[in-house]
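Next up, final00.txt (compact mmCIF, C-alpha atoms):
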```txt
# COMPACT_ATOMS: atom_id res chain seq x y z
CA MET A 1 140.47 8.16 104.40
CA PHE A 2 138.54 9.39 101.38
CA GLU A 3 137.78 12.73 103.07
CA LYS A 4 141.45 13.33 103.64
CA ALA A 5 142.20 12.48 100.05
CA MET A 6 139.76 15.14 98.95
CA SER A 7 141.58 17.86 100.87
CA PHE A 8 142.77 20.11 98.10
CA VAL A 9 142.68 23.79 97.22
CA LEU A 10 141.28 25.09 93.96
CA ILE A 11 143.69 26.86 91.65
CA PHE A 12 141.82 28.85 89.06
CA SER A 13 142.65 28.57 85.41
CA GLY A 14 141.51 29.85 82.05
CA LEU A 15 141.83 29.48 78.30
CA ILE A 16 141.65 31.69 75.24
CA THR A 17 140.57 31.19 71.65
CA HIS A 18 142.97 30.07 68.92
CA ASP A 19 143.30 33.61 67.58
CA PHE A 20 146.41 35.00 69.23
CA SER A 21 146.55 38.25 67.26
CA LEU A 22 146.62 41.32 69.50
CA PRO A 23 145.49 44.88 68.94
CA ASN A 24 148.01 47.69 68.91
CA SER A 25 149.34 48.34 72.38
CA ARG A 26 151.33 51.08 74.09
CA PRO A 27 155.08 51.39 73.45
CA PRO A 28 157.18 49.12 75.64
CA SER A 29 158.11 50.45 79.04
CA ASP A 30 159.78 48.69 81.96
CA LEU A 31 157.95 50.61 84.64
CA LEU A 32 154.63 52.36 84.95
CA VAL A 33 153.45 54.43 87.91
CA SER A 34 149.78 53.80 88.53
CA ARG A 35 147.70 56.97 88.66
CA THR A 36 145.37 55.20 91.08
CA THR A 37 147.84 54.04 93.72
CA GLY A 38 151.00 55.97 92.88
CA GLN A 39 152.94 52.70 93.25
CA PRO A 40 155.27 51.26 90.62
CA GLN A 41 153.57 48.65 88.46
CA THR A 42 155.24 46.19 86.11
CA GLN A 43 154.54 47.17 82.50
CA PHE A 44 154.44 44.24 80.08
CA HIS A 45 156.49 44.57 76.91
CA SER A 46 154.38 44.82 73.77
CA VAL A 47 156.48 41.99 72.28
CA THR A 48 158.38 39.52 74.42
CA ALA A 49 162.13 39.96 74.66
CA ASP A 50 162.72 36.23 75.25
CA PRO A 51 160.75 34.18 72.70
CA GLU A 52 163.08 31.17 72.90
CA LYS A 53 162.78 30.93 76.67
CA TRP A 54 159.00 31.03 76.38
CA ARG A 55 159.19 28.30 73.75
CA GLU A 56 161.30 26.19 76.10
CA ASP A 57 158.65 26.64 78.78
CA LEU A 58 155.92 25.69 76.33
CA ARG A 59 157.71 22.50 75.29
CA PHE A 60 158.28 21.59 78.92
CA LEU A 61 154.61 22.20 79.65
CA ALA A 62 153.45 20.16 76.65
CA THR A 63 155.61 17.22 77.71
CA GLU A 64 155.29 17.23 81.48
CA LEU A 65 151.59 17.96 81.94
CA PRO A 66 150.25 14.92 80.04
CA ARG A 67 152.96 12.75 81.62
CA ARG A 68 152.16 13.76 85.20
CA HIS A 69 148.38 14.10 85.00
CA VAL A 70 146.43 10.98 85.92
CA ASN A 71 144.39 11.14 82.69
CA PHE A 72 145.01 14.39 80.83
CA PHE A 73 143.37 13.21 77.60
CA HIS A 74 140.10 12.11 79.24
CA ASP A 75 138.16 14.72 77.24
CA LEU A 76 140.78 15.86 74.73
CA SER A 77 142.53 14.23 71.77
CA PRO A 78 146.34 14.30 71.66
CA ASP A 79 146.16 15.73 68.13
CA GLU A 80 143.97 18.65 69.25
CA PHE A 81 146.37 19.34 72.09
CA GLN A 82 149.44 19.27 69.83
CA ARG A 83 147.83 21.59 67.29
CA ALA A 84 147.22 24.16 70.02
CA VAL A 85 150.82 23.85 71.23
CA ASP A 86 152.21 24.26 67.70
CA GLU A 87 150.01 27.28 67.06
CA LEU A 88 151.15 29.05 70.20
CA ASP A 89 154.77 28.15 69.52
CA ALA A 90 154.60 29.79 66.09
CA ALA A 91 152.95 32.94 67.46
CA ILE A 92 155.23 33.53 70.48
CA PRO A 93 157.73 35.90 68.75
CA THR A 94 154.91 38.37 67.97
CA MET A 95 153.21 38.18 71.36
CA SER A 96 153.57 40.07 74.62
CA ASP A 97 154.50 38.24 77.78
CA HIS A 98 151.01 38.37 79.24
CA ALA A 99 149.45 37.08 76.00
CA ILE A 100 151.88 34.15 75.99
CA ILE A 101 150.87 33.33 79.54
CA VAL A 102 147.21 33.46 78.61
CA GLY A 103 147.98 31.21 75.65
CA MET A 104 149.56 28.63 77.93
CA VAL A 105 146.66 28.94 80.34
CA ARG A 106 144.38 28.03 77.45
CA ILE A 107 146.44 24.97 76.65
CA VAL A 108 146.38 23.73 80.25
CA ALA A 109 142.65 24.41 80.44
CA MET A 110 142.06 22.11 77.47
CA ALA A 111 141.98 19.30 80.04
CA ARG A 112 138.49 20.66 80.84
CA GLU A 113 138.65 20.12 84.57
CA ALA A 114 138.96 22.85 87.17
CA HIS A 115 141.79 21.43 89.26
CA THR A 116 144.30 21.38 86.39
CA SER A 117 145.47 24.90 85.69
CA LEU A 118 148.25 27.37 85.10
CA ASP A 119 148.43 29.93 87.89
CA TRP A 120 148.00 33.08 85.80
CA GLY A 121 146.97 35.16 88.82
CA GLY A 122 149.84 34.10 91.04
CA ILE A 123 150.71 37.01 93.33
CA ASP A 124 154.33 35.82 93.61
CA SER A 125 154.80 35.60 89.85
CA ARG A 126 157.39 37.74 88.08
CA TYR A 127 154.54 38.51 85.67
CA PRO A 128 151.80 39.66 88.08
CA PHE A 129 148.41 40.13 86.50
CA ARG A 130 146.70 43.21 87.95
CA ILE A 131 143.10 44.24 88.56
CA TYR A 132 140.93 47.24 87.88
CA PRO A 133 139.66 49.02 91.01
CA ILE A 134 136.15 47.61 90.64
CA ASP A 135 134.59 44.34 91.74
CA PHE A 136 131.79 42.62 89.87
CA LEU A 137 128.85 40.39 90.63
CA ASN A 138 127.52 38.10 87.90
CA LEU A 139 123.76 37.64 88.32
CA LYS A 140 120.98 36.15 86.21
CA ASP A 141 120.02 39.62 84.93
CA GLY A 142 123.49 40.94 84.18
CA LEU A 143 126.95 41.87 85.41
CA PHE A 144 126.88 44.49 88.17
CA VAL A 145 129.39 46.50 90.22
CA LYS A 146 129.35 45.47 93.86
CA ALA A 147 132.47 47.32 95.07
CA ILE A 148 135.04 49.96 94.16
CA THR A 149 138.58 50.34 95.44
CA LEU A 150 139.52 53.32 97.59
CA SER A 151 143.17 52.60 98.32
CA GLY A 152 145.94 54.93 97.21
CA PRO A 153 146.16 58.71 96.99
CA ALA A 154 142.86 59.13 95.15
CA THR A 155 141.12 62.36 96.09
CA ASN A 156 137.77 62.41 97.83
CA ARG A 157 136.38 64.02 94.69
CA GLY A 158 137.52 61.06 92.62
CA ARG A 159 136.09 58.62 95.11
CA VAL A 160 132.70 60.27 95.03
CA ARG A 161 132.79 60.19 91.25
CA TYR A 162 133.47 56.46 91.07
CA ARG A 163 130.79 55.74 93.66
CA ARG A 164 128.26 56.28 90.90
CA ALA A 165 129.29 52.90 89.48
CA LEU A 166 128.18 51.06 92.64
CA GLY A 167 125.15 48.94 91.84
CA ALA A 168 125.29 49.84 88.14
CA ARG A 169 125.03 47.29 85.36
CA VAL A 170 128.00 46.89 83.01
CA VAL A 171 126.96 47.68 79.42
CA ARG A 172 130.25 47.66 77.49
CA ILE A 173 133.94 46.98 77.88
CA GLY A 174 135.76 49.22 75.46
CA ASP A 175 133.60 49.04 72.34
CA THR A 176 132.34 45.52 73.01
CA ASP A 177 128.86 44.93 74.44
CA ILE A 178 128.90 43.07 77.73
CA GLU A 179 127.19 39.90 76.50
CA SER A 180 129.77 39.48 73.74
CA ALA A 181 132.54 40.21 76.24
CA LYS A 182 131.17 37.63 78.66
CA SER A 183 130.95 35.07 75.87
CA ALA A 184 134.59 35.69 74.98
CA ILE A 185 135.67 35.40 78.60
CA ALA A 186 133.59 32.25 79.12
CA ALA A 187 135.85 30.58 76.57
CA LEU A 188 138.80 31.30 78.91
CA ILE A 189 137.49 29.48 81.94
CA ALA A 190 138.56 25.89 82.56
CA THR A 191 135.43 24.24 83.85
CA GLU A 192 133.22 21.19 83.81
CA ASN A 193 129.95 23.13 83.97
CA GLN A 194 128.24 26.45 83.27
CA ALA A 195 127.86 27.28 86.97
CA TRP A 196 131.64 27.67 87.38
CA VAL A 197 131.71 30.00 84.38
CA THR A 198 129.14 32.19 86.15
CA ALA A 199 131.23 32.17 89.31
CA ARG A 200 134.57 32.93 87.63
CA ILE A 201 133.63 35.60 85.08
CA PRO A 202 134.03 38.47 87.62
CA ALA A 203 137.69 37.56 88.30
CA PHE A 204 138.59 37.23 84.63
CA ILE A 205 136.72 40.33 83.55
CA ASN A 206 138.59 42.36 86.16
CA SER A 207 142.04 41.55 84.74
CA PRO A 208 143.61 44.15 82.41
CA GLU A 209 145.97 41.56 80.94
CA ILE A 210 143.14 39.13 80.18
CA LEU A 211 140.95 41.81 78.57
CA HIS A 212 143.85 43.12 76.50
CA GLY A 213 144.86 39.61 75.44
CA LEU A 214 141.32 39.00 74.21
CA GLY A 215 141.31 42.25 72.25
CA LEU A 216 138.45 43.66 74.33
CA LEU A 217 140.61 46.60 75.37
CA PRO A 218 143.23 48.11 73.02
CA ASP A 219 145.00 49.80 75.94
CA MET A 220 144.90 47.95 79.25
CA GLU A 221 146.32 50.98 81.10
CA GLN A 222 143.08 52.79 80.23
CA GLY A 223 140.26 50.41 81.14
CA ARG A 224 137.15 51.95 79.60
CA PHE A 225 133.86 50.62 80.98
CA THR A 226 130.33 51.81 80.22
CA PHE A 227 127.65 51.43 82.89
CA GLU A 228 123.90 51.90 83.21
CA ASP A 229 122.30 53.07 86.45
CA SER A 230 118.86 52.20 87.85
CA ARG A 231 117.31 55.10 85.89
CA GLY A 232 118.58 53.70 82.60
CA GLU A 233 121.21 56.45 82.18
CA GLN A 234 124.54 55.35 80.73
CA PHE A 235 127.91 56.73 81.78
CA GLU A 236 131.56 55.85 81.27
CA PHE A 237 134.60 55.57 83.53
CA ILE A 238 138.22 54.91 82.63
CA PHE A 239 140.12 52.91 85.24
CA THR A 240 143.85 52.45 85.74
CA PRO A 241 145.08 49.01 86.90
CA VAL A 242 146.19 48.46 90.48
CA ALA A 243 148.21 45.66 92.07
CA ARG A 244 146.40 42.66 93.54
CA THR A 245 148.45 42.92 96.71
CA PRO A 246 148.15 44.24 99.28
CA PRO A 247 144.37 43.70 99.09
CA PRO A 248 142.82 47.09 98.36
CA SER A 249 140.22 48.63 100.64
CA THR A 250 136.81 48.90 99.05
CA ILE A 251 133.35 50.39 99.31
CA GLN A 252 130.77 47.60 99.11
CA PHE A 253 127.23 48.00 97.80
CA PRO A 254 124.68 47.64 99.21
CA PHE A 255 126.48 49.32 102.07
CA ILE A 256 127.45 47.11 105.00
CA SER A 257 126.02 49.71 107.41
CA ARG A 258 122.57 49.72 105.85
CA ILE A 259 119.56 47.91 107.28
CA PRO A 260 118.48 45.45 106.05
CA ILE A 261 121.57 43.64 104.87
CA GLN A 262 121.97 40.01 103.85
CA LEU A 263 123.02 37.96 106.88
CA TYR A 264 125.78 36.23 104.91
CA ARG A 265 127.44 39.61 104.28
CA THR A 266 127.60 40.70 107.91
CA ARG A 267 130.95 39.04 108.57
CA PRO A 268 134.15 38.79 106.51
CA SER A 269 134.86 35.72 104.40
CA SER A 270 138.09 35.31 106.38
CA GLN A 271 135.90 34.14 109.26
CA PHE A 272 135.61 30.60 107.96
CA TYR A 273 132.78 29.47 110.22
CA TRP A 274 130.25 31.20 112.44
CA PHE A 275 126.62 30.93 113.45
CA GLU A 276 123.82 33.20 114.54
CA TYR A 277 120.53 32.41 116.26
CA LEU A 278 117.43 33.84 114.60
CA GLU A 279 115.19 33.84 117.64
CA ASN A 280 111.89 34.70 115.98
CA ALA A 281 112.36 31.85 113.50
CA ARG A 282 113.90 29.50 116.10
CA THR A 283 116.63 28.92 113.55
CA ILE A 284 120.40 28.63 113.65
CA TYR A 285 122.10 30.05 110.58
CA PHE A 286 125.56 28.50 110.14
CA GLN A 287 127.89 29.96 107.51
CA TYR A 288 130.80 27.80 106.39
CA ASN A 289 132.98 29.94 104.11
CA ARG A 290 135.97 27.63 103.67
CA CYS A 291 136.84 24.06 104.62
CA SER A 292 139.78 25.17 106.76
CA GLU A 293 140.66 25.61 110.41
CA MET A 294 140.88 29.07 111.95
CA SER A 295 143.90 29.51 114.24
CA SER A 296 141.87 31.90 116.38
CA LEU A 297 139.11 29.31 116.92
CA PRO A 298 139.84 25.63 116.21
CA PHE A 299 136.81 23.89 114.74
CA ALA A 300 136.60 21.48 117.71
CA ASN A 301 136.11 24.45 120.04
CA PHE A 302 133.62 26.04 117.67
CA LEU A 303 131.67 22.77 117.43
CA GLN A 304 131.44 22.56 121.20
CA GLN A 305 129.87 26.03 121.29
CA PHE A 306 127.58 25.18 118.39
CA VAL A 307 126.27 21.91 119.87
CA SER A 308 125.89 23.42 123.34
CA PHE A 309 123.75 26.20 121.91
CA ILE A 310 121.49 23.78 120.03
CA ASP A 311 121.02 21.65 123.15
CA THR A 312 120.19 24.56 125.45
CA HIS A 313 117.98 26.72 123.21
CA ASP A 314 114.73 26.36 121.33
CA VAL A 315 116.19 25.45 117.95
CA GLN A 316 113.73 24.02 115.42
CA ARG A 317 115.62 24.66 112.18
CA LEU A 318 119.21 24.70 110.94
CA VAL A 319 120.40 26.41 107.75
CA VAL A 320 123.93 25.43 106.66
CA ASP A 321 125.30 27.93 104.14
CA LEU A 322 127.93 26.45 101.80
CA ARG A 323 127.51 29.13 99.17
CA ASN A 324 130.84 30.37 97.75
CA ASN A 325 132.78 27.76 99.74
CA PRO A 326 135.73 26.88 97.44
CA GLY A 327 136.81 23.83 99.40
CA GLY A 328 139.80 22.74 101.46
CA ASN A 329 139.69 19.82 103.90
CA SER A 330 136.33 18.06 103.76
CA ALA A 331 137.01 16.15 106.98
CA ILE A 332 136.75 19.27 109.14
CA LEU A 333 132.96 19.44 108.89
CA GLN A 334 132.34 15.73 109.53
CA PRO A 335 131.93 16.07 113.34
CA LEU A 336 129.26 18.72 112.81
CA ILE A 337 127.40 16.49 110.34
CA ASN A 338 127.61 13.69 112.92
CA ALA A 339 126.14 16.02 115.52
CA VAL A 340 123.24 16.89 113.22
CA VAL A 341 122.58 13.21 112.44
CA SER A 342 122.26 12.44 116.17
CA ARG A 343 119.64 15.16 116.77
CA PRO A 344 116.34 13.99 115.25
CA HIS A 345 114.51 17.26 115.93
CA ILE A 346 116.97 18.95 113.54
CA ASN A 347 117.62 16.05 111.18
CA GLN A 348 114.20 15.97 109.55
CA ARG A 349 112.67 17.20 106.32
CA GLY A 350 111.81 20.88 106.59
CA SER A 351 114.07 21.51 109.58
CA LEU A 352 117.44 21.17 107.86
CA PHE A 353 118.56 23.15 104.79
CA VAL A 354 121.92 23.34 102.99
CA ALA A 355 122.49 26.35 100.73
CA ILE A 356 124.70 25.88 97.65
CA ASN A 357 125.50 27.94 94.55
CA GLU A 358 127.94 28.36 91.67
CA GLY A 359 130.71 29.26 94.12
CA THR A 360 130.43 25.94 95.98
CA ALA A 361 133.33 23.79 94.80
CA SER A 362 135.73 20.99 95.66
CA SER A 363 135.33 19.90 99.30
CA GLY A 364 132.41 22.30 99.63
CA VAL A 365 130.56 20.06 97.16
CA LEU A 366 131.68 16.94 99.04
CA ASN A 367 130.25 18.33 102.28
CA ALA A 368 126.97 19.13 100.54
CA ILE A 369 126.82 15.55 99.20
CA ASP A 370 127.51 14.24 102.71
CA PHE A 371 124.55 16.19 104.03
CA GLN A 372 122.43 14.88 101.17
CA ARG A 373 123.42 11.27 101.82
CA ARG A 374 123.47 11.17 105.60
CA THR A 375 120.73 13.58 106.64
CA GLN A 376 117.26 14.75 105.70
CA ALA A 377 118.64 18.05 104.39
CA ILE A 378 116.96 19.99 101.60
CA LEU A 379 119.49 21.52 99.20
CA ILE A 380 118.49 25.04 98.25
CA GLY A 381 120.03 27.70 95.98
CA GLY A 382 121.81 27.14 92.66
CA PRO A 383 123.86 24.45 90.88
CA THR A 384 127.37 24.02 92.28
CA GLY A 385 130.44 25.21 90.44
CA GLY A 386 132.19 22.00 91.46
CA LYS A 387 131.40 18.80 89.58
CA PRO A 388 130.60 15.85 91.87
CA ASN A 389 132.54 13.28 89.79
CA SER A 390 135.80 15.03 89.04
CA TYR A 391 139.57 15.01 89.10
CA GLY A 392 141.52 16.33 92.07
CA GLU A 393 144.21 15.71 94.69
CA ILE A 394 146.54 18.20 93.10
CA ARG A 395 150.28 18.43 92.67
CA SER A 396 152.29 21.07 90.86
CA PHE A 397 155.47 21.86 88.97
CA ASN A 398 157.09 25.08 87.78
CA LEU A 399 158.05 26.06 84.26
CA PRO A 400 161.88 26.24 84.06
CA ASN A 401 162.34 29.81 82.77
CA SER A 402 159.31 31.84 83.84
CA GLY A 403 158.84 29.92 87.09
CA ILE A 404 155.07 29.91 86.57
CA ARG A 405 153.32 27.19 88.53
CA VAL A 406 151.27 24.49 86.81
CA VAL A 407 148.81 22.51 88.92
CA TYR A 408 147.49 19.11 87.85
CA SER A 409 145.21 16.36 89.13
CA THR A 410 146.44 12.96 90.26
CA ARG A 411 143.16 11.16 91.11
CA PHE A 412 139.61 10.80 89.89
CA PHE A 413 136.85 10.92 92.49
CA GLN A 414 133.45 9.43 91.73
CA LEU A 415 131.16 10.85 94.39
CA LEU A 416 127.93 9.94 92.64
CA PRO A 417 128.19 6.36 91.31
CA GLY A 418 125.76 5.63 88.52
CA ALA A 419 125.31 9.28 87.59
CA ASP A 420 127.53 12.01 86.21
CA PRO A 421 125.79 15.40 86.48
CA PRO A 422 127.84 18.51 85.66
CA SER A 423 126.79 20.08 89.00
CA LEU A 424 125.21 19.07 92.27
CA MET A 425 121.68 20.36 91.81
CA PRO A 426 119.53 21.86 94.57
CA ASN A 427 116.13 20.48 95.50
CA ILE A 428 114.82 24.05 95.44
CA LEU A 429 116.30 26.24 92.68
CA ILE A 430 116.58 29.95 93.49
CA GLU A 431 118.53 32.31 91.21
CA LEU A 432 119.77 35.59 92.63
CA SER A 433 118.68 38.78 90.85
CA SER A 434 120.09 42.28 91.09
CA THR A 435 116.77 43.50 92.53
CA ASP A 436 117.13 41.13 95.49
CA TYR A 437 120.85 41.64 95.99
CA PHE A 438 120.85 45.43 95.99
CA ALA A 439 117.75 45.53 98.19
CA GLY A 440 119.71 43.59 100.80
CA ARG A 441 117.51 40.50 100.44
CA ASP A 442 118.57 36.86 100.52
CA PRO A 443 115.80 34.85 98.81
CA VAL A 444 117.55 31.56 99.62
CA LEU A 445 117.46 32.13 103.38
CA GLU A 446 113.99 33.63 103.15
CA SER A 447 112.68 30.53 101.38
CA ALA A 448 114.24 28.21 103.97
CA LEU A 449 112.67 30.18 106.80
CA ALA A 450 109.29 30.17 105.09
CA PHE A 451 109.30 26.43 104.26
```
Would you mind writing the structure in this file as structure tokens?
Amino acid sequence: MFEKAMSFVLIFSGLITHDFSLPNSRPPSDLLVSRTTGQPQTQFHSVTADPEKWREDLRFLATELPRRHVNFFHDLSPDEFQRAVDELDAAIPTMSDHAIIVGMVRIVAMAREAHTSLDWGGIDSRYPFRIYPIDFLNLKDGLFVKAITLSGPATNRGRVRYRRALGARVVRIGDTDIESAKSAIAALIATENQAWVTARIPAFINSPEILHGLGLLPDMEQGRFTFEDSRGEQFEFIFTPVARTPPPSTIQFPFISRIPIQLYRTRPSSQFYWFEYLENARTIYFQYNRCSEMSSLPFANFLQQFVSFIDTHDVQRLVVDLRNNPGGNSAILQPLINAVVSRPHINQRGSLFVAINEGTASSGVLNAIDFQRRTQAILIGGPTGGKPNSYGEIRSFNLPNSGIRVVYSTRFFQLLPGADPPSLMPNILIELSSTDYFAGRDPVLESALAF
């Protein structure tokens, strides 16, 4: 079935500009002890020790990717691709390992479609890219800090100090203003639309190796960020990288314990599906975080609970939240869509809403399109990060020396015949601002309830 064919997982990729020159970096060292966690961290050599092995990997990549991809040159000329390969090949002896990886990520991303990528963030890689102990949120009015990491032997005094960054706007990275930094990072993101750039900037801008490779930070072991608080006062913190795994504990802002808090933030994203009855609004809010089954609650059992509740309570409205759903198996949600179709008091204009945004991708987009086609749903929120007509059904291979995984598309899916928009657009456009987010408000849900 088509739905089964669309069951794939997004692998994120990126690209960099053609300028592979790097700023001066620290002297080579095989091991660095992080001052944040106290755990050994791999320290990249300032210049690779194995240029010929990297060149072998690059040649393998340049040959195998176009051969295996269903249509690698759909938006790229072979000459442009070869020039980029030759340029990286010539620069490899002067580059660090992480810069070479970023260079190959760029080459893969030249396919300009999100499902073809080089897994630069692979946690099992022998070249693990790290993170800074801060988490960002990219909004229409700027890049803001939504969380800080508390894991490791950091003192309470240090934790209190870093808490000042929570909710603050990022002003500079190193000596580069944030808008210029975001523009540089946007060039790294393999995408078919601007919405996916918005969604992916926080992950790229949190990587020491990416920032160093772009020349935004001369020393990735000392991540210097400048922030501005709500009073307009600027301050600076210097962060040390930490490992991506195990996942660090964090302080989120606005605080989970505060009232009010956005409903979509009240449960972890690892809870793939759940619903809550808003009695005063006679509304069921259903959050679908990922198109995957939970072992603790198979979707068939969940659906039975969901349908039973609708049929035994005064439910006049249903809000399906697909925001930040990166995809998976699109077939899982089909029985729920069928259940909605068969209930006319829900399946009518003004009683059924589907929330989407820049984080909605892959099978999350397919499910949103299914609602749009088969029901009377009103799409509300922002443009999707996933492109409706796009390449997918991924396979992968590994580079022979580094072992880095390369993911590529094997099929083209045309979900919207006769049209080719970069994103699935909402019927009601609502952009999230920092004022709403940090006040604990969800204007998308509020608008659906007020419709």
Checklist entry - Taking all atoms listed in the file into account, which of A:Thr191, A:Asp321, A:Cys291, A:Pro298 comes nearest Glu276 of chain A? => result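 For Glu276 of chain A, the nearest of the candidates is A:Asp321.
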Next on the checklist: What's around Leu336 of chain A at 9 Å? Count all atoms listed in the file, leave out sequence neighbours fewer than 4 positions away in its own chain, and write the answer as JSON, numbers by chain.
Outcome noted: {"A": [303, 306, 307, 332, 340, 341]}
Item to check | Closest of A:Gly403, A:Ala419, A:Val319, A:Ser77 to Asp119 of chain A - atom-to-atom distances counting all atoms listed in the file | outcome: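 Checking each of A:Gly403, A:Ala419, A:Val319, A:Ser77 against Asp119 of chain A, counting all atoms listed in the file, the winner is A:Gly403.
Candidate residues A:Ile173, A:Gln194, A:Arg164, A:Thr63 were compared for distance to Glu233 of chain A, and the nearest is A:Arg164, using all atoms listed in the file.
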Next on the checklist: I'd like the contact shell of Gly122 of chain A - 9 Å cut-off, only C-alpha atoms, skipping same-chain residues fewer than 5 positions apart - returned as a PyMOL selection string.
Outcome noted: chain A and resi 127-129+404-405
Checklist entry - Between A:Phe412, A:Phe239, A:Tyr288, A:Phe272, which has the minimum distance to Val320 of chain A (counting all atoms listed in the file)? => result A:Tyr288
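Distances to Arg169 of chain A were evaluated for A:Ile430, A:Leu214, A:Leu137, A:Val102 using only C-alpha atoms, and the minimum falls at A:Leu137.
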